[in-house]
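Q: Coordinates in query-v7.txt, compact mmCIF, N, CA and C atoms, are listed below.
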```
# COMPACT_ATOMS: atom_id res chain seq x y z
N MET A 73 -1.59 14.23 -4.07
CA MET A 73 -0.72 13.07 -4.10
C MET A 73 0.43 13.31 -5.07
N LYS A 74 1.58 12.82 -4.69
CA LYS A 74 2.75 12.96 -5.55
C LYS A 74 2.64 12.01 -6.73
N LYS A 75 3.34 12.34 -7.80
CA LYS A 75 3.31 11.48 -8.98
C LYS A 75 3.90 10.11 -8.69
N SER A 76 4.85 10.08 -7.76
CA SER A 76 5.47 8.79 -7.41
C SER A 76 4.50 7.86 -6.69
N GLN A 77 3.36 8.40 -6.23
CA GLN A 77 2.38 7.60 -5.51
C GLN A 77 1.24 7.12 -6.40
N ARG A 78 1.36 7.36 -7.70
CA ARG A 78 0.27 6.98 -8.60
C ARG A 78 0.68 5.83 -9.51
N ILE A 79 -0.28 4.98 -9.79
CA ILE A 79 -0.11 3.94 -10.80
C ILE A 79 -0.80 4.46 -12.05
N LYS A 80 -0.05 4.60 -13.13
CA LYS A 80 -0.62 5.17 -14.35
C LYS A 80 -0.60 4.18 -15.52
N LYS A 81 0.44 3.37 -15.60
CA LYS A 81 0.62 2.52 -16.78
C LYS A 81 -0.28 1.29 -16.73
N ASN A 82 -0.80 0.94 -17.88
CA ASN A 82 -1.68 -0.22 -18.00
C ASN A 82 -0.98 -1.49 -17.53
N LYS A 83 0.31 -1.62 -17.85
CA LYS A 83 1.07 -2.81 -17.46
C LYS A 83 1.10 -2.95 -15.93
N GLU A 84 1.26 -1.83 -15.22
CA GLU A 84 1.28 -1.87 -13.76
C GLU A 84 -0.09 -2.24 -13.19
N PHE A 85 -1.16 -1.71 -13.81
CA PHE A 85 -2.52 -2.08 -13.41
C PHE A 85 -2.72 -3.59 -13.58
N GLN A 86 -2.31 -4.10 -14.74
CA GLN A 86 -2.51 -5.52 -15.04
C GLN A 86 -1.74 -6.41 -14.06
N THR A 87 -0.54 -5.98 -13.65
CA THR A 87 0.24 -6.74 -12.67
C THR A 87 -0.52 -6.84 -11.36
N VAL A 88 -1.09 -5.72 -10.91
CA VAL A 88 -1.83 -5.72 -9.65
C VAL A 88 -3.07 -6.60 -9.78
N PHE A 89 -3.77 -6.52 -10.92
CA PHE A 89 -4.97 -7.35 -11.12
C PHE A 89 -4.62 -8.84 -11.11
N LYS A 90 -3.55 -9.21 -11.83
CA LYS A 90 -3.24 -10.63 -11.99
C LYS A 90 -2.59 -11.24 -10.76
N LYS A 91 -1.66 -10.52 -10.13
CA LYS A 91 -0.89 -11.10 -9.04
C LYS A 91 -1.37 -10.68 -7.66
N GLY A 92 -2.22 -9.66 -7.60
CA GLY A 92 -2.67 -9.15 -6.31
C GLY A 92 -3.90 -9.86 -5.78
N LYS A 93 -4.35 -9.41 -4.62
CA LYS A 93 -5.56 -9.96 -3.99
C LYS A 93 -6.65 -8.90 -4.05
N SER A 94 -7.90 -9.35 -4.16
CA SER A 94 -9.00 -8.38 -4.24
C SER A 94 -9.92 -8.51 -3.03
N PHE A 95 -10.47 -7.37 -2.65
CA PHE A 95 -11.41 -7.28 -1.53
C PHE A 95 -12.49 -6.29 -1.95
N ALA A 96 -13.73 -6.52 -1.50
CA ALA A 96 -14.79 -5.66 -2.00
C ALA A 96 -15.89 -5.45 -0.97
N ASN A 97 -16.60 -4.34 -1.14
CA ASN A 97 -17.89 -4.13 -0.50
C ASN A 97 -18.80 -3.55 -1.58
N ARG A 98 -19.92 -2.96 -1.20
CA ARG A 98 -20.86 -2.50 -2.22
C ARG A 98 -20.38 -1.30 -3.01
N GLN A 99 -19.49 -0.51 -2.43
CA GLN A 99 -19.07 0.72 -3.09
C GLN A 99 -17.72 0.61 -3.81
N PHE A 100 -16.80 -0.19 -3.27
CA PHE A 100 -15.44 -0.23 -3.81
C PHE A 100 -14.91 -1.65 -3.92
N ILE A 101 -14.03 -1.85 -4.91
CA ILE A 101 -13.23 -3.07 -5.00
C ILE A 101 -11.78 -2.60 -4.85
N VAL A 102 -11.04 -3.26 -3.97
CA VAL A 102 -9.65 -2.88 -3.74
C VAL A 102 -8.76 -4.08 -4.07
N TYR A 103 -7.79 -3.85 -4.96
CA TYR A 103 -6.76 -4.84 -5.25
C TYR A 103 -5.49 -4.40 -4.55
N THR A 104 -4.82 -5.33 -3.88
CA THR A 104 -3.55 -5.01 -3.24
C THR A 104 -2.48 -5.95 -3.79
N TYR A 105 -1.29 -5.41 -3.96
CA TYR A 105 -0.17 -6.19 -4.47
C TYR A 105 1.08 -5.78 -3.72
N LYS A 106 1.72 -6.74 -3.07
CA LYS A 106 2.90 -6.46 -2.25
C LYS A 106 4.12 -6.28 -3.14
N LYS A 107 4.81 -5.14 -2.93
CA LYS A 107 6.05 -4.87 -3.66
C LYS A 107 7.17 -4.69 -2.66
N GLU A 108 8.21 -5.49 -2.83
CA GLU A 108 9.37 -5.39 -1.94
C GLU A 108 10.13 -4.10 -2.21
N HIS A 109 10.80 -3.59 -1.21
CA HIS A 109 11.68 -2.41 -1.33
C HIS A 109 10.95 -1.17 -1.84
N GLN A 110 9.75 -0.97 -1.39
CA GLN A 110 8.98 0.22 -1.79
C GLN A 110 8.78 1.10 -0.57
N GLU A 111 9.22 2.37 -0.68
CA GLU A 111 9.17 3.27 0.47
C GLU A 111 7.76 3.76 0.78
N GLU A 112 6.97 4.06 -0.28
CA GLU A 112 5.62 4.56 -0.06
C GLU A 112 4.64 3.84 -0.98
N PHE A 113 3.41 3.76 -0.52
CA PHE A 113 2.39 3.07 -1.30
C PHE A 113 2.10 3.81 -2.60
N ARG A 114 1.56 3.06 -3.57
CA ARG A 114 1.11 3.68 -4.82
C ARG A 114 -0.36 3.33 -4.99
N ILE A 115 -1.08 4.22 -5.64
CA ILE A 115 -2.51 4.03 -5.78
C ILE A 115 -2.92 4.24 -7.24
N GLY A 116 -3.79 3.37 -7.72
CA GLY A 116 -4.36 3.50 -9.05
C GLY A 116 -5.87 3.54 -8.91
N LEU A 117 -6.51 4.41 -9.66
CA LEU A 117 -7.97 4.57 -9.56
C LEU A 117 -8.63 4.20 -10.88
N SER A 118 -9.78 3.55 -10.77
CA SER A 118 -10.57 3.23 -11.94
C SER A 118 -12.03 3.52 -11.62
N VAL A 119 -12.59 4.49 -12.33
CA VAL A 119 -14.00 4.84 -12.15
C VAL A 119 -14.65 4.80 -13.53
N SER A 120 -15.52 3.83 -13.72
CA SER A 120 -16.13 3.59 -15.01
C SER A 120 -17.15 4.68 -15.38
N LYS A 121 -17.45 4.77 -16.66
CA LYS A 121 -18.47 5.72 -17.12
C LYS A 121 -19.86 5.34 -16.61
N LYS A 122 -20.01 4.09 -16.18
CA LYS A 122 -21.29 3.65 -15.61
C LYS A 122 -21.58 4.36 -14.30
N VAL A 123 -20.52 4.84 -13.62
CA VAL A 123 -20.69 5.50 -12.32
C VAL A 123 -21.38 6.85 -12.49
N GLY A 124 -21.14 7.54 -13.58
CA GLY A 124 -21.79 8.83 -13.80
C GLY A 124 -21.05 9.66 -14.82
N ASN A 125 -21.42 10.93 -14.88
CA ASN A 125 -20.75 11.82 -15.83
C ASN A 125 -19.37 12.20 -15.31
N ALA A 126 -18.63 13.00 -16.08
CA ALA A 126 -17.24 13.32 -15.74
C ALA A 126 -17.13 14.01 -14.38
N VAL A 127 -18.07 14.89 -14.08
CA VAL A 127 -18.03 15.61 -12.80
C VAL A 127 -18.15 14.62 -11.64
N THR A 128 -19.07 13.69 -11.75
CA THR A 128 -19.29 12.69 -10.70
C THR A 128 -18.07 11.79 -10.55
N ARG A 129 -17.54 11.33 -11.68
CA ARG A 129 -16.37 10.43 -11.62
C ARG A 129 -15.18 11.14 -11.00
N ASN A 130 -14.95 12.38 -11.36
CA ASN A 130 -13.82 13.13 -10.79
C ASN A 130 -14.02 13.37 -9.30
N ARG A 131 -15.25 13.61 -8.87
CA ARG A 131 -15.53 13.80 -7.45
C ARG A 131 -15.20 12.52 -6.68
N VAL A 132 -15.62 11.37 -7.21
CA VAL A 132 -15.34 10.09 -6.56
C VAL A 132 -13.82 9.89 -6.45
N LYS A 133 -13.08 10.19 -7.52
CA LYS A 133 -11.62 10.03 -7.48
C LYS A 133 -10.98 10.97 -6.47
N ARG A 134 -11.48 12.19 -6.39
CA ARG A 134 -10.98 13.16 -5.40
C ARG A 134 -11.19 12.65 -3.98
N TYR A 135 -12.40 12.10 -3.73
CA TYR A 135 -12.72 11.56 -2.40
C TYR A 135 -11.78 10.42 -2.04
N ILE A 136 -11.50 9.54 -2.99
CA ILE A 136 -10.62 8.39 -2.73
C ILE A 136 -9.20 8.88 -2.43
N ARG A 137 -8.70 9.80 -3.25
CA ARG A 137 -7.35 10.34 -3.04
C ARG A 137 -7.22 11.01 -1.69
N GLN A 138 -8.23 11.83 -1.34
CA GLN A 138 -8.19 12.54 -0.06
C GLN A 138 -8.26 11.56 1.11
N SER A 139 -9.07 10.52 0.97
CA SER A 139 -9.16 9.50 2.02
C SER A 139 -7.81 8.84 2.24
N PHE A 140 -7.12 8.49 1.15
CA PHE A 140 -5.80 7.87 1.27
C PHE A 140 -4.80 8.84 1.88
N LEU A 141 -4.88 10.11 1.54
CA LEU A 141 -3.98 11.10 2.14
C LEU A 141 -4.18 11.17 3.64
N GLU A 142 -5.43 11.14 4.09
CA GLU A 142 -5.71 11.22 5.52
C GLU A 142 -5.33 9.94 6.25
N MET A 143 -5.32 8.80 5.55
CA MET A 143 -4.99 7.52 6.19
C MET A 143 -3.56 7.08 5.93
N LYS A 144 -2.75 7.91 5.28
CA LYS A 144 -1.44 7.46 4.81
C LYS A 144 -0.52 6.95 5.91
N ASP A 145 -0.66 7.45 7.13
CA ASP A 145 0.19 6.98 8.22
C ASP A 145 -0.29 5.66 8.82
N GLU A 146 -1.54 5.30 8.54
CA GLU A 146 -2.12 4.10 9.13
C GLU A 146 -2.00 2.88 8.22
N ILE A 147 -1.85 3.10 6.90
CA ILE A 147 -1.85 1.95 5.99
C ILE A 147 -0.43 1.55 5.62
N ARG A 148 -0.30 0.31 5.21
CA ARG A 148 1.02 -0.24 4.87
C ARG A 148 1.58 0.45 3.63
N GLN A 149 2.88 0.71 3.67
CA GLN A 149 3.54 1.45 2.59
C GLN A 149 4.11 0.53 1.51
N ASP A 150 4.21 -0.77 1.79
CA ASP A 150 4.87 -1.67 0.83
C ASP A 150 3.90 -2.29 -0.18
N LEU A 151 2.74 -1.68 -0.34
CA LEU A 151 1.72 -2.24 -1.24
C LEU A 151 1.36 -1.26 -2.35
N ASP A 152 0.94 -1.84 -3.48
CA ASP A 152 0.28 -1.07 -4.52
C ASP A 152 -1.21 -1.32 -4.36
N TYR A 153 -2.01 -0.26 -4.51
CA TYR A 153 -3.46 -0.37 -4.38
C TYR A 153 -4.11 0.05 -5.69
N VAL A 154 -5.08 -0.72 -6.14
CA VAL A 154 -5.93 -0.29 -7.25
C VAL A 154 -7.35 -0.30 -6.72
N ILE A 155 -8.01 0.86 -6.80
CA ILE A 155 -9.37 0.99 -6.29
C ILE A 155 -10.30 1.16 -7.47
N ILE A 156 -11.32 0.33 -7.50
CA ILE A 156 -12.36 0.43 -8.53
C ILE A 156 -13.63 0.88 -7.83
N ALA A 157 -14.20 1.97 -8.30
CA ALA A 157 -15.44 2.49 -7.71
C ALA A 157 -16.62 1.84 -8.41
N ARG A 158 -17.58 1.39 -7.61
CA ARG A 158 -18.81 0.82 -8.16
C ARG A 158 -19.88 1.92 -8.26
N ASN A 159 -21.01 1.58 -8.85
CA ASN A 159 -22.07 2.57 -9.10
C ASN A 159 -22.52 3.31 -7.84
N GLN A 160 -22.64 2.60 -6.72
CA GLN A 160 -23.13 3.24 -5.49
C GLN A 160 -22.19 4.31 -4.97
N ALA A 161 -20.92 4.30 -5.38
CA ALA A 161 -19.95 5.28 -4.91
C ALA A 161 -20.32 6.69 -5.37
N ALA A 162 -21.10 6.80 -6.44
CA ALA A 162 -21.47 8.11 -6.98
C ALA A 162 -22.38 8.89 -6.04
N THR A 163 -23.13 8.20 -5.20
CA THR A 163 -24.11 8.87 -4.34
C THR A 163 -23.54 9.26 -2.98
N LEU A 164 -22.29 8.89 -2.71
CA LEU A 164 -21.72 9.10 -1.38
C LEU A 164 -21.16 10.51 -1.19
N ASP A 165 -21.26 11.01 0.05
CA ASP A 165 -20.52 12.23 0.39
C ASP A 165 -19.14 11.80 0.87
N PHE A 166 -18.25 12.75 1.14
CA PHE A 166 -16.87 12.42 1.46
C PHE A 166 -16.73 11.52 2.67
N HIS A 167 -17.42 11.85 3.77
CA HIS A 167 -17.25 11.08 5.00
C HIS A 167 -17.75 9.64 4.86
N THR A 168 -18.84 9.47 4.14
CA THR A 168 -19.36 8.12 3.91
C THR A 168 -18.42 7.34 3.00
N ALA A 169 -17.88 8.01 1.99
CA ALA A 169 -16.95 7.35 1.08
C ALA A 169 -15.70 6.90 1.84
N LYS A 170 -15.20 7.77 2.70
CA LYS A 170 -14.01 7.43 3.49
C LYS A 170 -14.29 6.24 4.41
N LYS A 171 -15.46 6.25 5.04
CA LYS A 171 -15.84 5.17 5.95
C LYS A 171 -15.92 3.84 5.20
N ASN A 172 -16.52 3.86 4.00
CA ASN A 172 -16.64 2.65 3.20
C ASN A 172 -15.28 2.17 2.71
N LEU A 173 -14.41 3.10 2.36
CA LEU A 173 -13.06 2.74 1.93
C LEU A 173 -12.28 2.12 3.09
N GLN A 174 -12.42 2.70 4.28
CA GLN A 174 -11.77 2.13 5.47
C GLN A 174 -12.27 0.71 5.73
N HIS A 175 -13.57 0.50 5.52
CA HIS A 175 -14.17 -0.82 5.72
C HIS A 175 -13.49 -1.85 4.82
N VAL A 176 -13.34 -1.52 3.54
CA VAL A 176 -12.72 -2.46 2.60
C VAL A 176 -11.25 -2.68 2.96
N LEU A 177 -10.56 -1.61 3.33
CA LEU A 177 -9.15 -1.73 3.68
C LEU A 177 -8.96 -2.55 4.96
N ARG A 178 -9.93 -2.46 5.87
CA ARG A 178 -9.87 -3.29 7.08
C ARG A 178 -10.04 -4.76 6.72
N ILE A 179 -10.94 -5.05 5.78
CA ILE A 179 -11.13 -6.42 5.30
C ILE A 179 -9.82 -6.92 4.68
N ALA A 180 -9.14 -6.04 3.95
CA ALA A 180 -7.89 -6.40 3.28
C ALA A 180 -6.71 -6.49 4.24
N LYS A 181 -6.93 -6.07 5.49
CA LYS A 181 -5.89 -6.09 6.53
C LYS A 181 -4.64 -5.31 6.11
N VAL A 182 -4.84 -4.08 5.65
CA VAL A 182 -3.70 -3.26 5.23
C VAL A 182 -3.36 -2.18 6.25
N PHE A 183 -4.13 -2.11 7.33
CA PHE A 183 -3.80 -1.13 8.36
C PHE A 183 -2.65 -1.67 9.21
N LYS A 184 -1.73 -0.77 9.58
CA LYS A 184 -0.60 -1.16 10.42
C LYS A 184 -1.10 -1.51 11.81
N ASP A 185 -0.37 -2.39 12.47
CA ASP A 185 -0.70 -2.73 13.85
C ASP A 185 -0.45 -1.54 14.75
N LYS A 186 -1.35 -1.29 15.67
CA LYS A 186 -1.23 -0.15 16.59
C LYS A 186 -0.18 -0.43 17.67
N LYS A 187 0.18 -1.69 17.89
CA LYS A 187 1.06 -2.06 18.98
C LYS A 187 2.50 -1.61 18.79
N LYS A 188 2.93 -1.38 17.56
CA LYS A 188 4.32 -1.03 17.26
C LYS A 188 4.70 0.31 17.81
```
Could you write out this structure as structure tokens?
A:
Amino acid sequence: MKKSQRIKKNKEFQTVFKKGKSFANRQFIVYTYKKEHQEEFRIGLSVSKKVGNAVTRNRVKRYIRQSFLEMKDEIRQDLDYVIIARNQAATLDFHTAKKNLQHVLRIAKVFKDKKK
């Protein structure tokens, strides 16, 4: 992922938390925040130490980033996303993680309409 697609600053995270909408399942919590005049989506990741050791947390973050890369043409570009991984995310393999992430994003209605 490009640096322009990442949310890094605490202030930006807090804006998404306070003004955005949240959606969740057992593995992930997704916050979305609509930003006008934004060409590509931005993503922020939060994986707590409760999820596991550094290796496990980094694996979960890699899975989330790769899932977003594979879905980048299907999801809306005018949003900021903050994904929080829950404890169960540590036990998932890539395909299951992607499927669960798609599930949450479908609940959030961030996929583009196929009719266009």
Q: Quick one: everything within 12 Å of Ile179 (chain A), counting only C-alpha atoms, minus sequence neighbours fewer than 6 positions away in the same chain. Send it as a list in words.
A: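 The contact residues come out as Lys93, Ser94, Phe95, Ala96, Asn97, Phe100, Ile101, Val102, Tyr103, Thr104, Asn172 and Leu173 of chain A.
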Q: So that I can check the surroundings of region 124-141 of chain A, please list as a list of chain:residue names every protein, DNA and RNA residue that reaches within 8 Å of it, counting only N, CA and C atoms and ignoring chain neighbours fewer than 6 positions away.
A: A:Met73, A:Leu117, A:Ser118, A:Ala157, A:Arg158, A:Asn159, A:Ala161, A:Ala162, A:Leu164, A:Asp165, A:Phe166, A:His167, A:Ala169, A:Lys170, A:Lys171, A:Leu173, A:Gln174
Q: Let me make sure I understand: among A:Lys106, A:Arg78, A:Lys184, A:Arg98, which one has the smallest atom-to-atom distance to Asp145 (chain A) if we use only N, CA and C atoms?
A: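 Looking only at the distances to Asp145 (chain A), the closest residue turns out to be A:Lys184.
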Q: Which residues in chain A does DSSP call strand (DSSP E or B)? List them as a CSV table (one decimal) with N, CA and C atoms, in the frame of the given file.
A:
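Result file is selection-v3.csv:
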```csv
chain,number,residue,atom,x,y,z
A,78,ARG,N,1.4,7.4,-7.7
A,78,ARG,CA,0.3,7.0,-8.6
A,78,ARG,C,0.7,5.8,-9.5
A,93,LYS,N,-4.4,-9.4,-4.6
A,93,LYS,CA,-5.6,-10.0,-4.0
A,93,LYS,C,-6.6,-8.9,-4.0
A,94,SER,N,-7.9,-9.4,-4.2
A,94,SER,CA,-9.0,-8.4,-4.2
A,94,SER,C,-9.9,-8.5,-3.0
A,95,PHE,N,-10.5,-7.4,-2.6
A,95,PHE,CA,-11.4,-7.3,-1.5
A,95,PHE,C,-12.5,-6.3,-2.0
A,96,ALA,N,-13.7,-6.5,-1.5
A,96,ALA,CA,-14.8,-5.7,-2.0
A,96,ALA,C,-15.9,-5.4,-1.0
A,100,PHE,N,-16.8,-0.2,-3.3
A,100,PHE,CA,-15.4,-0.2,-3.8
A,100,PHE,C,-14.9,-1.6,-3.9
A,101,ILE,N,-14.0,-1.8,-4.9
A,101,ILE,CA,-13.2,-3.1,-5.0
A,101,ILE,C,-11.8,-2.6,-4.8
A,102,VAL,N,-11.0,-3.3,-4.0
A,102,VAL,CA,-9.6,-2.9,-3.7
A,102,VAL,C,-8.8,-4.1,-4.1
A,103,TYR,N,-7.8,-3.8,-5.0
A,103,TYR,CA,-6.8,-4.8,-5.2
A,103,TYR,C,-5.5,-4.4,-4.6
A,104,THR,N,-4.8,-5.3,-3.9
A,104,THR,CA,-3.6,-5.0,-3.2
A,104,THR,C,-2.5,-6.0,-3.8
A,105,TYR,N,-1.3,-5.4,-4.0
A,105,TYR,CA,-0.2,-6.2,-4.5
A,105,TYR,C,1.1,-5.8,-3.7
A,106,LYS,N,1.7,-6.7,-3.1
A,106,LYS,CA,2.9,-6.5,-2.2
A,106,LYS,C,4.1,-6.3,-3.1
A,114,ARG,N,1.6,3.1,-3.6
A,114,ARG,CA,1.1,3.7,-4.8
A,114,ARG,C,-0.4,3.3,-5.0
A,115,ILE,N,-1.1,4.2,-5.6
A,115,ILE,CA,-2.5,4.0,-5.8
A,115,ILE,C,-2.9,4.2,-7.2
A,116,GLY,N,-3.8,3.4,-7.7
A,116,GLY,CA,-4.4,3.5,-9.0
A,116,GLY,C,-5.9,3.5,-8.9
A,117,LEU,N,-6.5,4.4,-9.7
A,117,LEU,CA,-8.0,4.6,-9.6
A,117,LEU,C,-8.6,4.2,-10.9
A,118,SER,N,-9.8,3.6,-10.8
A,118,SER,CA,-10.6,3.2,-11.9
A,118,SER,C,-12.0,3.5,-11.6
A,119,VAL,N,-12.6,4.5,-12.3
A,119,VAL,CA,-14.0,4.8,-12.2
A,119,VAL,C,-14.6,4.8,-13.5
A,147,ILE,N,-1.8,3.1,6.9
A,147,ILE,CA,-1.8,2.0,6.0
A,147,ILE,C,-0.4,1.6,5.6
A,151,LEU,N,2.7,-1.7,-0.3
A,151,LEU,CA,1.7,-2.2,-1.2
A,151,LEU,C,1.4,-1.3,-2.4
A,152,ASP,N,0.9,-1.8,-3.5
A,152,ASP,CA,0.3,-1.1,-4.5
A,152,ASP,C,-1.2,-1.3,-4.4
A,153,TYR,N,-2.0,-0.3,-4.5
A,153,TYR,CA,-3.5,-0.4,-4.4
A,153,TYR,C,-4.1,0.0,-5.7
A,154,VAL,N,-5.1,-0.7,-6.1
A,154,VAL,CA,-5.9,-0.3,-7.2
A,154,VAL,C,-7.4,-0.3,-6.7
A,155,ILE,N,-8.0,0.9,-6.8
A,155,ILE,CA,-9.4,1.0,-6.3
A,155,ILE,C,-10.3,1.2,-7.5
A,156,ILE,N,-11.3,0.3,-7.5
A,156,ILE,CA,-12.4,0.4,-8.5
A,156,ILE,C,-13.6,0.9,-7.8
A,157,ALA,N,-14.2,2.0,-8.3
A,157,ALA,CA,-15.4,2.5,-7.7
A,157,ALA,C,-16.6,1.8,-8.4
A,183,PHE,N,-4.1,-2.1,7.3
A,183,PHE,CA,-3.8,-1.1,8.4
A,183,PHE,C,-2.6,-1.7,9.2
```
Q: Please indicate the distance in Å from CA of Asp150 (chain A) to CA of Lys83 (chain A), rounded to one decimal place.
A: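 Taking CA of Asp150 (chain A) as the start and CA of Lys83 (chain A) as the end point, the length is 18.7 Å.
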Q: Please, what distance in Å, to one decimal, runs between CA of Gln86 (chain A) and CA of Tyr105 (chain A)?
A: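 Between CA of Gln86 (chain A) and CA of Tyr105 (chain A) the gap is 10.8 Å.
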Q: I'd like to know which residues of region 73-145 of chain A are alpha helix (DSSP H) (by DSSP, run on the backbone); could you write them as a list in words?
A: Asn82, Lys83, Glu84, Phe85, Gln86, Thr87, Val88, Phe89, Lys90, Lys91, Ala126, Val127, Thr128, Arg129, Asn130, Arg131, Val132, Lys133, Arg134, Tyr135, Ile136, Arg137, Gln138, Ser139, Phe140, Leu141, Glu142 and Met143 of chain A
